[in-house]
Each structure stands twice: as structure tokens, then as C-alpha cells.
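Okay, structure first, notes after.
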Amino acid sequence: MKFKEFSYERPDIIGLKKDFQKLIKSLKDSESLEAQISQIKHINLLRNEIDTVYSICYVRHSIDTNDKFYEEEQKYFDEVMPIYDGIISDYYKALSDSKFKVELEKEFGKQLFNIAKCHVNTFSEEIIPDLQEENRLVSEYTKVLAGAKIEFQGEVLNLAGLTPLQLDKDRKTRKEANEAKYSFFEEKEETLDRIFDDLVKVRTRIAKKLGFNNFIDLAYARLCRTDYGPLMVKNFREQVKKYIVPVCDSLYERQRKRLGLDSLNYYDENFKFLSGNATPKGDAQWILERGREMYSDFSAETKEFFDFMMDNELMDVINREGKASGGYCTYIPNYKSPFIFSNFNGTSGDIDVLTHEAGHAFQSYLSRDYSVPEYYFPTLEACEIHSMSMEFFTWPWMELFFKEDSDKYKYSHLSKALEFIPYGVAVDEFQHFIYENPEASKEERKTAFRNIEKKYLPHRNYEDNKFLDKGTYWYQQRHIFQSPFYYIDYTLAQICALQFFKKSLRNKEKAWGEYLDLCKKGGSKSFLKLLRTCHLNSPFQPGTIEKVITKCKSILDGIDDSKL
């Protein structure tokens with residue numbers, strides 16, 4: 001069934017609460033293991049019903065934030081999903097207190113009970129109004145960015161539409177396009193400061209009500225980080241500073257020389273070659289058809305998956321006015337269908353999305369037969385391994401998209417994979433500062449971000465852009481507003497993806513087999529346990545980062561980038 005044919009009807013969460021309560025009571029009162037298993041399965045079926053219509057609503061609202069019907073439906077979910085969270089929390093309590101817990105762990109896996117414990121610790125009826133406010137603020141932020149109308153060179157563009165001009169061969173155009181983008185953020189500065197300040201306050205309030213020292217501890221619990229904590233992440237950031245930042249500095253210096261510039265300014269960073277960045281040689285539909293060809297040739301599993309996505313129109317990739325910014329993959333349980341959302345804009349990022357989001361979608365497609373909704377996706381840092389690794393597994397097919405520019409793309413893709421990591425940990429350190437200091441003023445927050453940038457991105461030069469130089473670059477980072485503390489997950493996953501890349505260079509078939517095994521396990525294990533199943537070293541383990549970066553640096557050093 002095509003996505004446009006998926007049925008949507010607003011669920012009556014208040015009415016369904018009674019149905020859940022009956023099932024949860026039956027679960028508590030059941031005198032046999034078999035009866036409890038039956039109740040759990042019935043509860044999961046009802047959860048799938050709600051998760052299905054919520055996902056459909058979220059996607060359709062993202063596709064057109066000006067659609068009044070789905071805007072109102074999204075507002076409804078912003079209000080009722082905290083109530084739904086309370087229902088699920090009651091279910092998790094019953095699960096955790098079950099007299100058959102040991103047997104249920106054998107039936108459904110221990111990870112379900114790890115997740116249940118985290119969820120119970122992050123919810124109480126008292127915080128429902130605060131969760132509703134948090135949802136409303138996040139939706140407001142999404143609406144602000146989706147509503148961008150930026151006048152440039154006689155056109156009115158949204159943020160995604162402006163991106164190709166920010167990568168223009170003409171340096172003056174690049175600078176002016178970047179200035180136009182950040183002028184939009186400067187115009188919204190007061191609004192964004194107010195939204196973020198309110199988010200910090202409400203999240204801190206929630207944490208205190210739940211008995212946490214601060215929102216950091218709550219955020220880690222929300223993300224179900226059961227086998228690592230803030231101290232391990234801090235050590236990871238220090239390893240990045242020691243081993244990756246110097247390599248990235250050398251890559252930026254190579255870029256400066258390659259471009260023949262006296263200084264590499266912020267608007268030059270993403271412009272990699274004097275002849276222009278590698279770009280796909282066709283439009284969005286052409287890219288999707290090449291994607292079908294690639295995944296058909298890749299493996300039987302990827303062919304089946306991508307044909308399913310294409311035939312059922314489970315991707316919306318065209319950039320349009322009123323469309324939410326960014327990209328994501330979600331899963332629609334009752335249709336056993338992943339969905340990919342993005343904004344193609346004619347840059348190499350279109351191919352990154354095709355492979356990255358397809359990595360997420362491929363994993364959820366392989367996990368679609370789990371009876372436990374918690375296992376459709378793993379925790380977020382593990383999710384990003386699937387996506388980032390797929391980007392590298394598809395390297396042999398890049399000529400389909402870039403033709404003569406495929407080598408240029410590969411050099412840029414690998415170098416950007418490394419260059420991203422210091423930025424990713426900078427975002428994470430900034431968030432730790434924010435929630436350790438929730439009373440910090442908006443000026444103190446911006447100063448903190450700029451100082452952290454200088455630590456991890458010492459090359460960055462904002463030239464005469466005073467707005468960015470005071471520490472506002474983070475306004476555009478949706479995760480900071482929408483999914484606090486998620487961003488470090490990308491950097492952890494990147495270290496894992498680069499290990500798969502190394503493995504694939506030695507033995508592609510073996511590496512792919514391990515990747516498939518990881519995807520099929522879905523969310524059935526915690527992050528570090530999943531790594532062990534596919535023979536990946538933990539990013540927290542001493543020596544892992546150094547070994548990965550040494551190999552990548554060797555590959556990049558062996559390329560004469562001046563000829564690209």
C-alpha cells in the first residue's frame with residue numbers, strides 16, 4: 001500500500017486509556033506465565049495502533065507544516081502523548097514487578113526490562129503539563145525554521161533551497177548566501193532565545209520533580225543509556241580532542257591550499273574544490289532510480305528493501321515551501337513500513353541522505369517482525385551505526401550518481417566524516433554546560449558555545465560576521481532543541497562506522513555479513529552489547545579512536561587532492 005493510502009484517524013487517547021488499564025490490570029493479576037505473555041502481546045498491538053497514526057501524522061505534518069489539518073493533529077499529539085507516556089509507564093511498572101520476570105526476560109529479552117526501568121524512572125503524572133509544554137516548544141521551533149523565506153538573488157528560498165548557493169564556486173556568492181542564511185537566524189534571535197530558554201527551564205523543572213540532580217541525568221535515562229554515562233562520554237570527548245582535532249586541522253589546511261586562499265573562512269568550509277564540489281548528475285527522481293539500481297545490485301536484501309520503499313512511495317525527498325527542514329527516518333508499525341523524509345537540494349548531501357536514511361530504514365525493515373515495539377529500532381547511538389556504515393558500504397556505486405566526480409566525492413565524504421566528529425562533541429559539551437548551568441543567561445550560553453567551538457574547531461574563522469562570532473551557530477542544530485544529548489550518538493556511531501569501513505576494505509563480504517547481523521538484532525540489546533555481537537570495538541575503549549583515525553588519515557594522505 002502506498003503511503004498516501006495509509007489511513008489516518010485521530011486516536012482517542014483518553015478513551016484508550018481505559019482499555020490499556022484493563023490490560024495492565026490483567027497483566028498484574030495473571031497467575032500464569034502464558035497469560036502474562038498473552039496480555040503483553042495485546043498491549044503491544046494496541047501500542048502499534050497508536051504509534052502508527054502518530055507516525056503518519058508526524059510525517060504528513062513534516063511534509064507540509066502549512067497543512068492546517070495535520071498542524072492541528074500535531075498539536076493534539078503534543079498534548080496527549082505525555083498522557084500516553086504515563087500509560088506506557090504503568091505498563092513498564094507492571095512488567096518490572098512481574099512475578100514471572102525471569103521467564104519473561106527469556107521470552108522477550110533482557111533489553112526490554114532495561115528500557116522499562118529507564119522509562120519508569122523518567123515519568124510521573126506530576127510532569128504531564130511540563131511534557132506538554134516541552135512538546136509545544138519543540139513544535140514551535142520546527143515551525144520557525146520551516147517558515148524561513150529568504151530573499152536572495154531575486155528568489156525567495158527556504159533553508160534547504162539556499163544550501164547550493166552556500167556551496168557556489170564564486171566565493172562572493174558563497175559569502176552572501178551564508179550571510180543571508182544567518183541574517184534569518186539573527187532576525188529570529190529573540191524568538192529562538194526565548195524558545196530555548198523555556199526549554200531549558202521546563203526540562204530542568206521536570207528533572208527536579210523526578211528527583212534527578214539535573215536534566216543531564218534525566219536525559220541519559222530518557223535515551224536508555226544503560227551501559228555508559230557522562231564520565232565515559234567526557235573521556236571520549238578528550239580522546240577526540242587529542243587524536244581527531246589535529247588531523248582535522250591538517251585537512252582544513254590542505255583545503256585552504258587547495259582553494260588557494262589566504263584564510264579559510266566559515267563560508268569556505270563546505271566548499272572543497274576549486275572546480276566545485278561533487279554533485280549528483282540528475283534530479284531527485286533520477287537519484288531515486290539510480291538508488292534502485294544500486295541497491296538492486298548490492299544484495300538480495302537491499303533489493304527487496306528498496307523496491308518496497310519505491311513501490312510504496314515511502315520517501316518524500318523534494319524540497320518545497322513549508323516543508324520542515326532536515327531529514328529523518330521513522331517507522332510505521334501496522335504497515336511494517338519505514339519512511340524516509342528529506343529535502344534534496346542538488347548537492348552531494350542528497351546522496352548522503354539516500355544512503356544514511358536508507359541505512360536506518362533498512363535496519364527497521366529487517367527488524368519489522370519483532371513482536372516487541374522497543375526492538376524496531378535500537379537506542380540512538382546504535383541506530384546511527386546502521387546509517388553511517390551504509391554510507392561507506394555504498395562507495396563502490398558512487399559513479400552511478402557522480403560519474404567523473406566520484407573520486408572527488410569519496411575524498412570529501414571521508415574527510416567530512418572525520419571533520420564532523422569534533423563538531424559533534426562540541427555540541428555535546430555545550431549541552432552539558434547548558435544543563436549544568438540552567439540559570440545561565442542567553443549571553444553566557446553564546447559565549448560558552450563560542451569557547452567550546454574554539455576548543456574543538458580551532459580553525460573556524462567567522463571573519464566579519466559578528467552574529468556568528470558571538471556564539472550563535474548552534475541555533476540551526478535541531479537536535480539541541482528537539483532531542484537533547486542525542487548528538488554525541490552520531491560521533492560514537494561514526495567511530496563504529498569507520499571500523500566497518502576498514503573491515504570492508506579487507507573483506508567486504510565478511511563486513512557486510514556482520515552489518516546484516518547487527519541490523520537484524522534491531523533494538524534487542526544495549527549499545528555496547530550490540531557492538532560485541534558484530535565484533536566492533538567500543539568507542540570508549542582506549543586505542544579505538546587512535547587506530548580508526550590512523551587508518552583514515554593514511555587513506556586520505558595517499559590521495560593527491562590537488563588533482564581533484
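Ordering of the C-alpha cells sets the chain letters (A, B, ...); residue numbers start at 1 within each chain; ligands are numbered from 1 in the order shown.
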Spatial neighbours of Ile115 in chain A, 9 Å, only C-alpha atoms, chain gap at least 4 places, as a count of residues only: 8
12 Å contact set for range 46-48 of chain A, only C-alpha atoms, chain neighbours under 6 positions out, as a PyMOL selection string: chain A and resi 11+13+16-21+23-24+39-40+54-55+81+84-85+87-88+91+331-336+368+370-374+376
Next, dump the selected residues to file, keeping only N, CA and C atoms, as an mmCIF file, in the first residue's frame.
data_model
loop_
_atom_site.group_PDB
_atom_site.id
_atom_site.type_symbol
_atom_site.label_atom_id
_atom_site.label_comp_id
_atom_site.auth_asym_id
_atom_site.auth_seq_id
_atom_site.Cartn_x
_atom_site.Cartn_y
_atom_site.Cartn_z
ATOM 1 N N PRO A 11 -6.639 9.148 17.234
ATOM 2 C CA PRO A 11 -6.967 8.196 18.293
ATOM 3 C C PRO A 11 -7.505 8.917 19.528
ATOM 4 N N ILE A 13 -7.020 9.035 22.887
ATOM 5 C CA ILE A 13 -6.084 8.543 23.895
ATOM 6 C C ILE A 13 -6.760 8.382 25.250
ATOM 7 N N LEU A 16 -8.820 5.277 25.073
ATOM 8 C CA LEU A 16 -7.966 4.087 25.011
ATOM 9 C C LEU A 16 -7.262 3.822 26.333
ATOM 10 N N LYS A 17 -7.143 4.848 27.149
ATOM 11 C CA LYS A 17 -6.504 4.684 28.449
ATOM 12 C C LYS A 17 -7.218 3.604 29.269
ATOM 13 N N LYS A 18 -8.550 3.573 29.169
ATOM 14 C CA LYS A 18 -9.321 2.556 29.906
ATOM 15 C C LYS A 18 -9.003 1.156 29.405
ATOM 16 N N ASP A 19 -8.849 1.030 28.068
ATOM 17 C CA ASP A 19 -8.502 -0.279 27.506
ATOM 18 C C ASP A 19 -7.130 -0.730 28.005
ATOM 19 N N PHE A 20 -6.182 0.213 28.007
ATOM 20 C CA PHE A 20 -4.847 -0.112 28.500
ATOM 21 C C PHE A 20 -4.903 -0.522 29.971
ATOM 22 N N GLN A 21 -5.650 0.230 30.761
ATOM 23 C CA GLN A 21 -5.716 -0.046 32.197
ATOM 24 C C GLN A 21 -6.260 -1.452 32.475
ATOM 25 N N LEU A 23 -5.990 -4.035 30.425
ATOM 26 C CA LEU A 23 -4.955 -4.986 30.032
ATOM 27 C C LEU A 23 -3.822 -5.023 31.058
ATOM 28 N N ILE A 24 -3.440 -3.844 31.570
ATOM 29 C CA ILE A 24 -2.365 -3.787 32.555
ATOM 30 C C ILE A 24 -2.790 -4.469 33.851
ATOM 31 N N GLN A 39 -1.156 -11.089 27.576
ATOM 32 C CA GLN A 39 -1.510 -9.698 27.867
ATOM 33 C C GLN A 39 -0.489 -8.736 27.275
ATOM 34 N N ILE A 40 0.785 -9.082 27.352
ATOM 35 C CA ILE A 40 1.849 -8.232 26.793
ATOM 36 C C ILE A 40 1.664 -8.078 25.288
ATOM 37 N N TYR A 54 0.282 8.115 14.971
ATOM 38 C CA TYR A 54 1.162 9.218 15.353
ATOM 39 C C TYR A 54 2.243 9.431 14.302
ATOM 40 N N SER A 55 2.859 8.347 13.834
ATOM 41 C CA SER A 55 3.910 8.455 12.813
ATOM 42 C C SER A 55 3.362 9.040 11.514
ATOM 43 N N MET A 81 0.395 12.968 24.015
ATOM 44 C CA MET A 81 1.462 11.969 24.103
ATOM 45 C C MET A 81 2.065 11.857 25.504
ATOM 46 N N TYR A 84 -0.117 9.479 27.163
ATOM 47 C CA TYR A 84 0.213 8.154 26.636
ATOM 48 C C TYR A 84 1.491 7.623 27.282
ATOM 49 N N ASP A 85 2.480 8.510 27.483
ATOM 50 C CA ASP A 85 3.714 8.106 28.167
ATOM 51 C C ASP A 85 3.404 7.565 29.558
ATOM 52 N N ILE A 87 0.649 6.067 30.466
ATOM 53 C CA ILE A 87 0.065 4.729 30.286
ATOM 54 C C ILE A 87 1.180 3.689 30.116
ATOM 55 N N ILE A 88 2.143 4.021 29.253
ATOM 56 C CA ILE A 88 3.248 3.096 28.991
ATOM 57 C C ILE A 88 4.099 2.909 30.247
ATOM 58 N N TYR A 91 2.486 0.370 32.327
ATOM 59 C CA TYR A 91 2.757 -0.949 31.751
ATOM 60 C C TYR A 91 4.156 -1.423 32.139
ATOM 61 N N TYR A 331 9.305 4.828 11.500
ATOM 62 C CA TYR A 331 8.745 3.512 11.220
ATOM 63 C C TYR A 331 7.262 3.518 11.546
ATOM 64 N N ILE A 332 6.458 2.907 10.675
ATOM 65 C CA ILE A 332 5.002 2.889 10.816
ATOM 66 C C ILE A 332 4.585 1.445 11.056
ATOM 67 N N PRO A 333 4.387 1.058 12.321
ATOM 68 C CA PRO A 333 4.306 -0.359 12.702
ATOM 69 C C PRO A 333 3.262 -1.191 11.982
ATOM 70 N N ASN A 334 2.001 -0.717 11.912
ATOM 71 C CA ASN A 334 0.948 -1.576 11.375
ATOM 72 C C ASN A 334 1.085 -1.823 9.876
ATOM 73 N N TYR A 335 1.880 -0.984 9.216
ATOM 74 C CA TYR A 335 2.144 -1.204 7.789
ATOM 75 C C TYR A 335 3.525 -1.822 7.579
ATOM 76 N N LYS A 336 4.221 -2.075 8.690
ATOM 77 C CA LYS A 336 5.586 -2.613 8.644
ATOM 78 C C LYS A 336 6.432 -1.848 7.634
ATOM 79 N N ARG A 368 11.385 -5.725 11.310
ATOM 80 C CA ARG A 368 9.933 -5.479 11.323
ATOM 81 C C ARG A 368 9.108 -6.610 11.928
ATOM 82 N N TYR A 370 9.780 -8.230 14.734
ATOM 83 C CA TYR A 370 9.813 -8.302 16.198
ATOM 84 C C TYR A 370 8.417 -8.040 16.753
ATOM 85 N N SER A 371 8.054 -8.789 17.789
ATOM 86 C CA SER A 371 6.750 -8.569 18.420
ATOM 87 C C SER A 371 6.832 -7.486 19.497
ATOM 88 N N VAL A 372 8.040 -7.080 19.823
ATOM 89 C CA VAL A 372 8.273 -6.073 20.857
ATOM 90 C C VAL A 372 8.571 -4.734 20.182
ATOM 91 N N PRO A 373 7.706 -3.725 20.310
ATOM 92 C CA PRO A 373 7.937 -2.434 19.647
ATOM 93 C C PRO A 373 9.275 -1.791 19.997
ATOM 94 N N GLU A 374 9.772 -2.063 21.203
ATOM 95 C CA GLU A 374 11.056 -1.491 21.628
ATOM 96 C C GLU A 374 12.209 -1.951 20.742
ATOM 97 N N TYR A 376 12.065 -2.395 17.320
ATOM 98 C CA TYR A 376 12.050 -1.941 15.920
ATOM 99 C C TYR A 376 13.300 -1.129 15.615
#
10 Å contact set for Cys118 in chain A, only C-alpha atoms, chain neighbours under 4 positions out, as a PyMOL selection string: chain A and resi 89+92+113-114+122-123+218+220-226
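Among the candidate residues A:Thr204, A:Gln74, A:Thr394, A:Asn235, the one lying nearest to Asp297 in chain A is A:Thr394, with distances computed using only C-alpha atoms.
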A:Ile37, A:Asp130, A:Asp193, A:Tyr141 ranked by distance to Glu103 in chain A, top pick (using only C-alpha atoms): A:Ile37
Alpha helix (DSSP H) positions in range 133-360 of chain A, given as JSON, numbers by chain: {"A": [133, 134, 135, 136, 137, 138, 139, 140, 141, 142, 143, 144, 145, 146, 159, 160, 161, 162, 163, 164, 165, 166, 171, 172, 173, 174, 175, 176, 177, 178, 179, 180, 181, 182, 183, 184, 185, 186, 187, 189, 190, 191, 192, 193, 194, 195, 196, 197, 198, 199, 200, 201, 202, 203, 204, 205, 206, 207, 208, 209, 215, 216, 217, 218, 219, 220, 221, 222, 230, 231, 232, 233, 234, 235, 236, 237, 238, 239, 245, 246, 247, 248, 249, 250, 251, 252, 253, 254, 255, 256, 257, 258, 259, 284, 285, 286, 287, 288, 289, 290, 291, 292, 293, 294, 295, 296, 297, 298, 300, 301, 302, 303, 304, 305, 306, 307, 308, 309, 310, 311, 349, 350, 351, 352, 353, 354, 355, 356, 357, 358, 359, 360]}
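Compared by their closest atoms to Tyr375 in chain A, and using only C-alpha atoms, the residues A:Glu189, A:Lys525, A:Lys169, A:Pro129 rank with A:Lys525 nearest.
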Nearby residues (only C-alpha atoms) at most 8 Å from range 293-295 of chain A, same-chain spacing under 6 positions excluded, as a PyMOL selection string: chain A and resi 302-303+306+394+397+400
Expected file: the selected residues, C-alpha atoms, as an mmCIF file, in the first residue's frame:
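Dumped to part-v1.cif:
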data_model
loop_
_atom_site.group_PDB
_atom_site.id
_atom_site.type_symbol
_atom_site.label_atom_id
_atom_site.label_comp_id
_atom_site.auth_asym_id
_atom_site.auth_seq_id
_atom_site.Cartn_x
_atom_site.Cartn_y
_atom_site.Cartn_z
ATOM 1 C CA THR A 302 18.806 -4.397 -0.162
ATOM 2 C CA LYS A 303 17.000 -5.033 -3.455
ATOM 3 C CA PHE A 306 14.478 -0.573 -1.737
ATOM 4 C CA THR A 394 27.738 2.030 -0.940
ATOM 5 C CA TRP A 397 28.348 2.559 -6.613
ATOM 6 C CA LEU A 400 26.195 5.987 -10.700
#
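Of note, CA of Met388 in chain A and CA of Ala497 in chain A are spaced 5.7 Å apart.
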Those in range 265-350 of chain A with strand (DSSP E or B) from DSSP, as a PyMOL selection string: chain A and resi 315-318+328-332+337-344
Could those residues be written to a file, using N, CA and C atoms, as a PDB file, in the first residue's frame?
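And here is the file that came out, part-v5.pdb:
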ATOM      1  N   MET A 315       9.090   7.477   0.517  1.00  0.00           N
ATOM      2  CA  MET A 315      10.115   8.515   0.617  1.00  0.00           C
ATOM      3  C   MET A 315       9.541   9.820   0.101  1.00  0.00           C
ATOM      4  N   ASP A 316       9.756  10.885   0.844  1.00  0.00           N
ATOM      5  CA  ASP A 316       9.423  12.227   0.363  1.00  0.00           C
ATOM      6  C   ASP A 316      10.703  13.046   0.439  1.00  0.00           C
ATOM      7  N   VAL A 317      11.300  13.326  -0.703  1.00  0.00           N
ATOM      8  CA  VAL A 317      12.639  13.930  -0.717  1.00  0.00           C
ATOM      9  C   VAL A 317      12.682  15.291  -1.410  1.00  0.00           C
ATOM     10  N   ILE A 318      11.567  15.740  -2.001  1.00  0.00           N
ATOM     11  CA  ILE A 318      11.564  17.004  -2.742  1.00  0.00           C
ATOM     12  C   ILE A 318      11.435  18.179  -1.773  1.00  0.00           C
ATOM     13  N   TYR A 328      14.949  12.623   8.210  1.00  0.00           N
ATOM     14  CA  TYR A 328      14.832  11.592   9.234  1.00  0.00           C
ATOM     15  C   TYR A 328      14.233  10.334   8.626  1.00  0.00           C
ATOM     16  N   CYS A 329      14.323   9.254   9.401  1.00  0.00           N
ATOM     17  CA  CYS A 329      13.609   8.021   9.070  1.00  0.00           C
ATOM     18  C   CYS A 329      12.736   7.668  10.256  1.00  0.00           C
ATOM     19  N   THR A 330      11.511   7.271   9.992  1.00  0.00           N
ATOM     20  CA  THR A 330      10.642   6.780  11.048  1.00  0.00           C
ATOM     21  C   THR A 330      10.058   5.443  10.612  1.00  0.00           C
ATOM     22  N   TYR A 331       9.305   4.828  11.500  1.00  0.00           N
ATOM     23  CA  TYR A 331       8.745   3.512  11.220  1.00  0.00           C
ATOM     24  C   TYR A 331       7.262   3.518  11.546  1.00  0.00           C
ATOM     25  N   ILE A 332       6.458   2.907  10.675  1.00  0.00           N
ATOM     26  CA  ILE A 332       5.002   2.889  10.816  1.00  0.00           C
ATOM     27  C   ILE A 332       4.585   1.445  11.056  1.00  0.00           C
ATOM     28  N   SER A 337       6.311  -0.531   7.693  1.00  0.00           N
ATOM     29  CA  SER A 337       6.922   0.334   6.683  1.00  0.00           C
ATOM     30  C   SER A 337       7.801   1.405   7.300  1.00  0.00           C
ATOM     31  N   PRO A 338       9.082   1.436   6.908  1.00  0.00           N
ATOM     32  CA  PRO A 338       9.890   2.610   7.227  1.00  0.00           C
ATOM     33  C   PRO A 338       9.429   3.778   6.353  1.00  0.00           C
ATOM     34  N   PHE A 339       9.774   4.991   6.735  1.00  0.00           N
ATOM     35  CA  PHE A 339       9.509   6.155   5.885  1.00  0.00           C
ATOM     36  C   PHE A 339      10.710   7.083   5.976  1.00  0.00           C
ATOM     37  N   ILE A 340      11.154   7.559   4.799  1.00  0.00           N
ATOM     38  CA  ILE A 340      12.299   8.473   4.715  1.00  0.00           C
ATOM     39  C   ILE A 340      11.816   9.853   4.320  1.00  0.00           C
ATOM     40  N   PHE A 341      12.210  10.837   5.120  1.00  0.00           N
ATOM     41  CA  PHE A 341      11.861  12.249   4.875  1.00  0.00           C
ATOM     42  C   PHE A 341      13.157  13.031   4.698  1.00  0.00           C
ATOM     43  N   SER A 342      13.211  13.878   3.656  1.00  0.00           N
ATOM     44  CA  SER A 342      14.396  14.721   3.483  1.00  0.00           C
ATOM     45  C   SER A 342      14.071  15.868   2.527  1.00  0.00           C
ATOM     46  N   ASN A 343      15.088  16.694   2.294  1.00  0.00           N
ATOM     47  CA  ASN A 343      14.951  17.840   1.392  1.00  0.00           C
ATOM     48  C   ASN A 343      16.117  17.844   0.407  1.00  0.00           C
ATOM     49  N   PHE A 344      15.958  17.176  -0.734  1.00  0.00           N
ATOM     50  CA  PHE A 344      17.023  17.190  -1.738  1.00  0.00           C
ATOM     51  C   PHE A 344      17.208  18.615  -2.263  1.00  0.00           C
TER      52      PHE A 344
END
Nearby residues (only C-alpha atoms) at most 12 Å from Lys149 in chain A, same-chain spacing under 5 positions excluded, as an MDAnalysis selection string: chainID A and resid 144 155:162 180:181 183:185 187 320:323
Selected residues written out with C-alpha atoms, as a PDB file, in the first residue's frame:
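Written file, result.pdb:
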ATOM      1  CA  VAL A 144      10.056  28.780  12.831  1.00  0.00           C
ATOM      2  CA  GLU A 155      14.353  34.345  -5.426  1.00  0.00           C
ATOM      3  CA  VAL A 156      12.599  33.501  -2.173  1.00  0.00           C
ATOM      4  CA  LEU A 157      14.191  30.376  -0.714  1.00  0.00           C
ATOM      5  CA  ASN A 158      13.853  28.212   2.371  1.00  0.00           C
ATOM      6  CA  LEU A 159      16.886  26.937   4.282  1.00  0.00           C
ATOM      7  CA  ALA A 160      17.366  23.825   2.159  1.00  0.00           C
ATOM      8  CA  GLY A 161      16.907  25.784  -1.060  1.00  0.00           C
ATOM      9  CA  LEU A 162      19.688  28.177  -0.072  1.00  0.00           C
ATOM     10  CA  ALA A 180      21.556  35.675   4.005  1.00  0.00           C
ATOM     11  CA  LYS A 181      21.049  32.432   5.917  1.00  0.00           C
ATOM     12  CA  SER A 183      20.559  37.030   8.766  1.00  0.00           C
ATOM     13  CA  PHE A 184      17.394  34.926   9.009  1.00  0.00           C
ATOM     14  CA  PHE A 185      18.623  33.438  12.283  1.00  0.00           C
ATOM     15  CA  GLU A 187      16.089  38.140  12.788  1.00  0.00           C
ATOM     16  CA  ARG A 320       9.142  22.555  -1.004  1.00  0.00           C
ATOM     17  CA  GLU A 321       7.910  25.708   0.666  1.00  0.00           C
ATOM     18  CA  GLY A 322       6.508  24.979   4.117  1.00  0.00           C
ATOM     19  CA  LYS A 323       8.261  21.637   4.387  1.00  0.00           C
TER      20      LYS A 323
END
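For the pair CA of Pro396 in chain A and CA of Lys510 in chain A, the interatomic distance is 16.1 Å.
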Which residue of A:Met390, A:Leu528, A:Val247, A:Ala448 approaches Thr472 in chain A most closely, using only C-alpha atoms: A:Ala448
All residues 9 Å or closer to range 418-422 of chain A, only C-alpha atoms, same chain fewer than 6 positions away omitted, as a ChimeraX atom specification: /A:237,240-241,244-245,247-249,251-252,453,456-457,488,490-492,494-495,549,552
Create the file for the chosen residues now, containing N, CA and C atoms and written as a PDB file, in the first residue's frame.
ATOM      1  N   ARG A 237      35.224  12.599  24.566  1.00  0.00           N
ATOM      2  CA  ARG A 237      35.469  13.939  24.012  1.00  0.00           C
ATOM      3  C   ARG A 237      36.950  14.302  24.110  1.00  0.00           C
ATOM      4  N   VAL A 240      38.835  12.600  21.407  1.00  0.00           N
ATOM      5  CA  VAL A 240      38.607  13.300  20.136  1.00  0.00           C
ATOM      6  C   VAL A 240      39.524  14.517  20.041  1.00  0.00           C
ATOM      7  N   LYS A 241      39.609  15.270  21.131  1.00  0.00           N
ATOM      8  CA  LYS A 241      40.475  16.458  21.159  1.00  0.00           C
ATOM      9  C   LYS A 241      41.925  16.066  20.892  1.00  0.00           C
ATOM     10  N   ILE A 244      41.714  13.439  17.031  1.00  0.00           N
ATOM     11  CA  ILE A 244      40.995  13.784  15.795  1.00  0.00           C
ATOM     12  C   ILE A 244      41.139  15.257  15.437  1.00  0.00           C
ATOM     13  N   VAL A 245      41.112  16.136  16.425  1.00  0.00           N
ATOM     14  CA  VAL A 245      41.206  17.571  16.125  1.00  0.00           C
ATOM     15  C   VAL A 245      42.478  17.896  15.336  1.00  0.00           C
ATOM     16  N   VAL A 247      44.169  16.026  13.248  1.00  0.00           N
ATOM     17  CA  VAL A 247      44.005  15.502  11.882  1.00  0.00           C
ATOM     18  C   VAL A 247      43.084  16.412  11.081  1.00  0.00           C
ATOM     19  N   CYS A 248      42.001  16.861  11.714  1.00  0.00           N
ATOM     20  CA  CYS A 248      41.063  17.752  11.025  1.00  0.00           C
ATOM     21  C   CYS A 248      41.704  19.088  10.707  1.00  0.00           C
ATOM     22  N   ASP A 249      42.533  19.604  11.613  1.00  0.00           N
ATOM     23  CA  ASP A 249      43.253  20.854  11.335  1.00  0.00           C
ATOM     24  C   ASP A 249      44.108  20.715  10.085  1.00  0.00           C
ATOM     25  N   LEU A 251      43.551  18.654   7.616  1.00  0.00           N
ATOM     26  CA  LEU A 251      42.657  18.553   6.454  1.00  0.00           C
ATOM     27  C   LEU A 251      42.161  19.934   6.024  1.00  0.00           C
ATOM     28  N   TYR A 252      41.837  20.787   6.988  1.00  0.00           N
ATOM     29  CA  TYR A 252      41.415  22.146   6.650  1.00  0.00           C
ATOM     30  C   TYR A 252      42.557  22.940   6.027  1.00  0.00           C
ATOM     31  N   GLU A 453      33.610  25.902  20.734  1.00  0.00           N
ATOM     32  CA  GLU A 453      33.984  25.844  19.310  1.00  0.00           C
ATOM     33  C   GLU A 453      35.487  26.011  19.136  1.00  0.00           C
ATOM     34  N   TYR A 456      37.414  22.740  20.008  1.00  0.00           N
ATOM     35  CA  TYR A 456      37.333  21.596  19.096  1.00  0.00           C
ATOM     36  C   TYR A 456      37.444  21.977  17.623  1.00  0.00           C
ATOM     37  N   LEU A 457      37.163  23.222  17.296  1.00  0.00           N
ATOM     38  CA  LEU A 457      37.221  23.689  15.903  1.00  0.00           C
ATOM     39  C   LEU A 457      38.114  24.931  15.838  1.00  0.00           C
ATOM     40  N   ILE A 488      25.792  13.403  20.473  1.00  0.00           N
ATOM     41  CA  ILE A 488      27.010  12.614  20.684  1.00  0.00           C
ATOM     42  C   ILE A 488      26.874  11.234  20.067  1.00  0.00           C
ATOM     43  N   TYR A 490      25.904  10.420  17.155  1.00  0.00           N
ATOM     44  CA  TYR A 490      26.465  10.393  15.799  1.00  0.00           C
ATOM     45  C   TYR A 490      27.977  10.184  15.837  1.00  0.00           C
ATOM     46  N   THR A 491      28.639  10.796  16.792  1.00  0.00           N
ATOM     47  CA  THR A 491      30.095  10.676  16.840  1.00  0.00           C
ATOM     48  C   THR A 491      30.514   9.287  17.304  1.00  0.00           C
ATOM     49  N   LEU A 492      29.813   8.744  18.282  1.00  0.00           N
ATOM     50  CA  LEU A 492      30.100   7.374  18.712  1.00  0.00           C
ATOM     51  C   LEU A 492      29.887   6.400  17.553  1.00  0.00           C
ATOM     52  N   GLN A 494      29.956   7.111  14.392  1.00  0.00           N
ATOM     53  CA  GLN A 494      30.915   7.332  13.304  1.00  0.00           C
ATOM     54  C   GLN A 494      32.184   6.518  13.530  1.00  0.00           C
ATOM     55  N   ILE A 495      32.630   6.436  14.771  1.00  0.00           N
ATOM     56  CA  ILE A 495      33.805   5.606  15.064  1.00  0.00           C
ATOM     57  C   ILE A 495      33.522   4.148  14.729  1.00  0.00           C
ATOM     58  N   ILE A 549      41.417   6.447  13.352  1.00  0.00           N
ATOM     59  CA  ILE A 549      41.837   7.686  12.717  1.00  0.00           C
ATOM     60  C   ILE A 549      43.144   7.498  11.958  1.00  0.00           C
ATOM     61  N   CYS A 552      42.241   6.059   8.566  1.00  0.00           N
ATOM     62  CA  CYS A 552      41.579   7.044   7.703  1.00  0.00           C
ATOM     63  C   CYS A 552      42.572   8.097   7.222  1.00  0.00           C
TER      64      CYS A 552
END
Near-range 478-486 of chain A list (10 Å; only C-alpha atoms; drop same-chain fewer than 2 positions) as a PyMOL selection string: chain A and resi 134-135+137-139+141-142+145+192+195-196+199-200+203+215-216+219-220+222-223+325-326+380-381+424+427-432+435+474-476+488-490
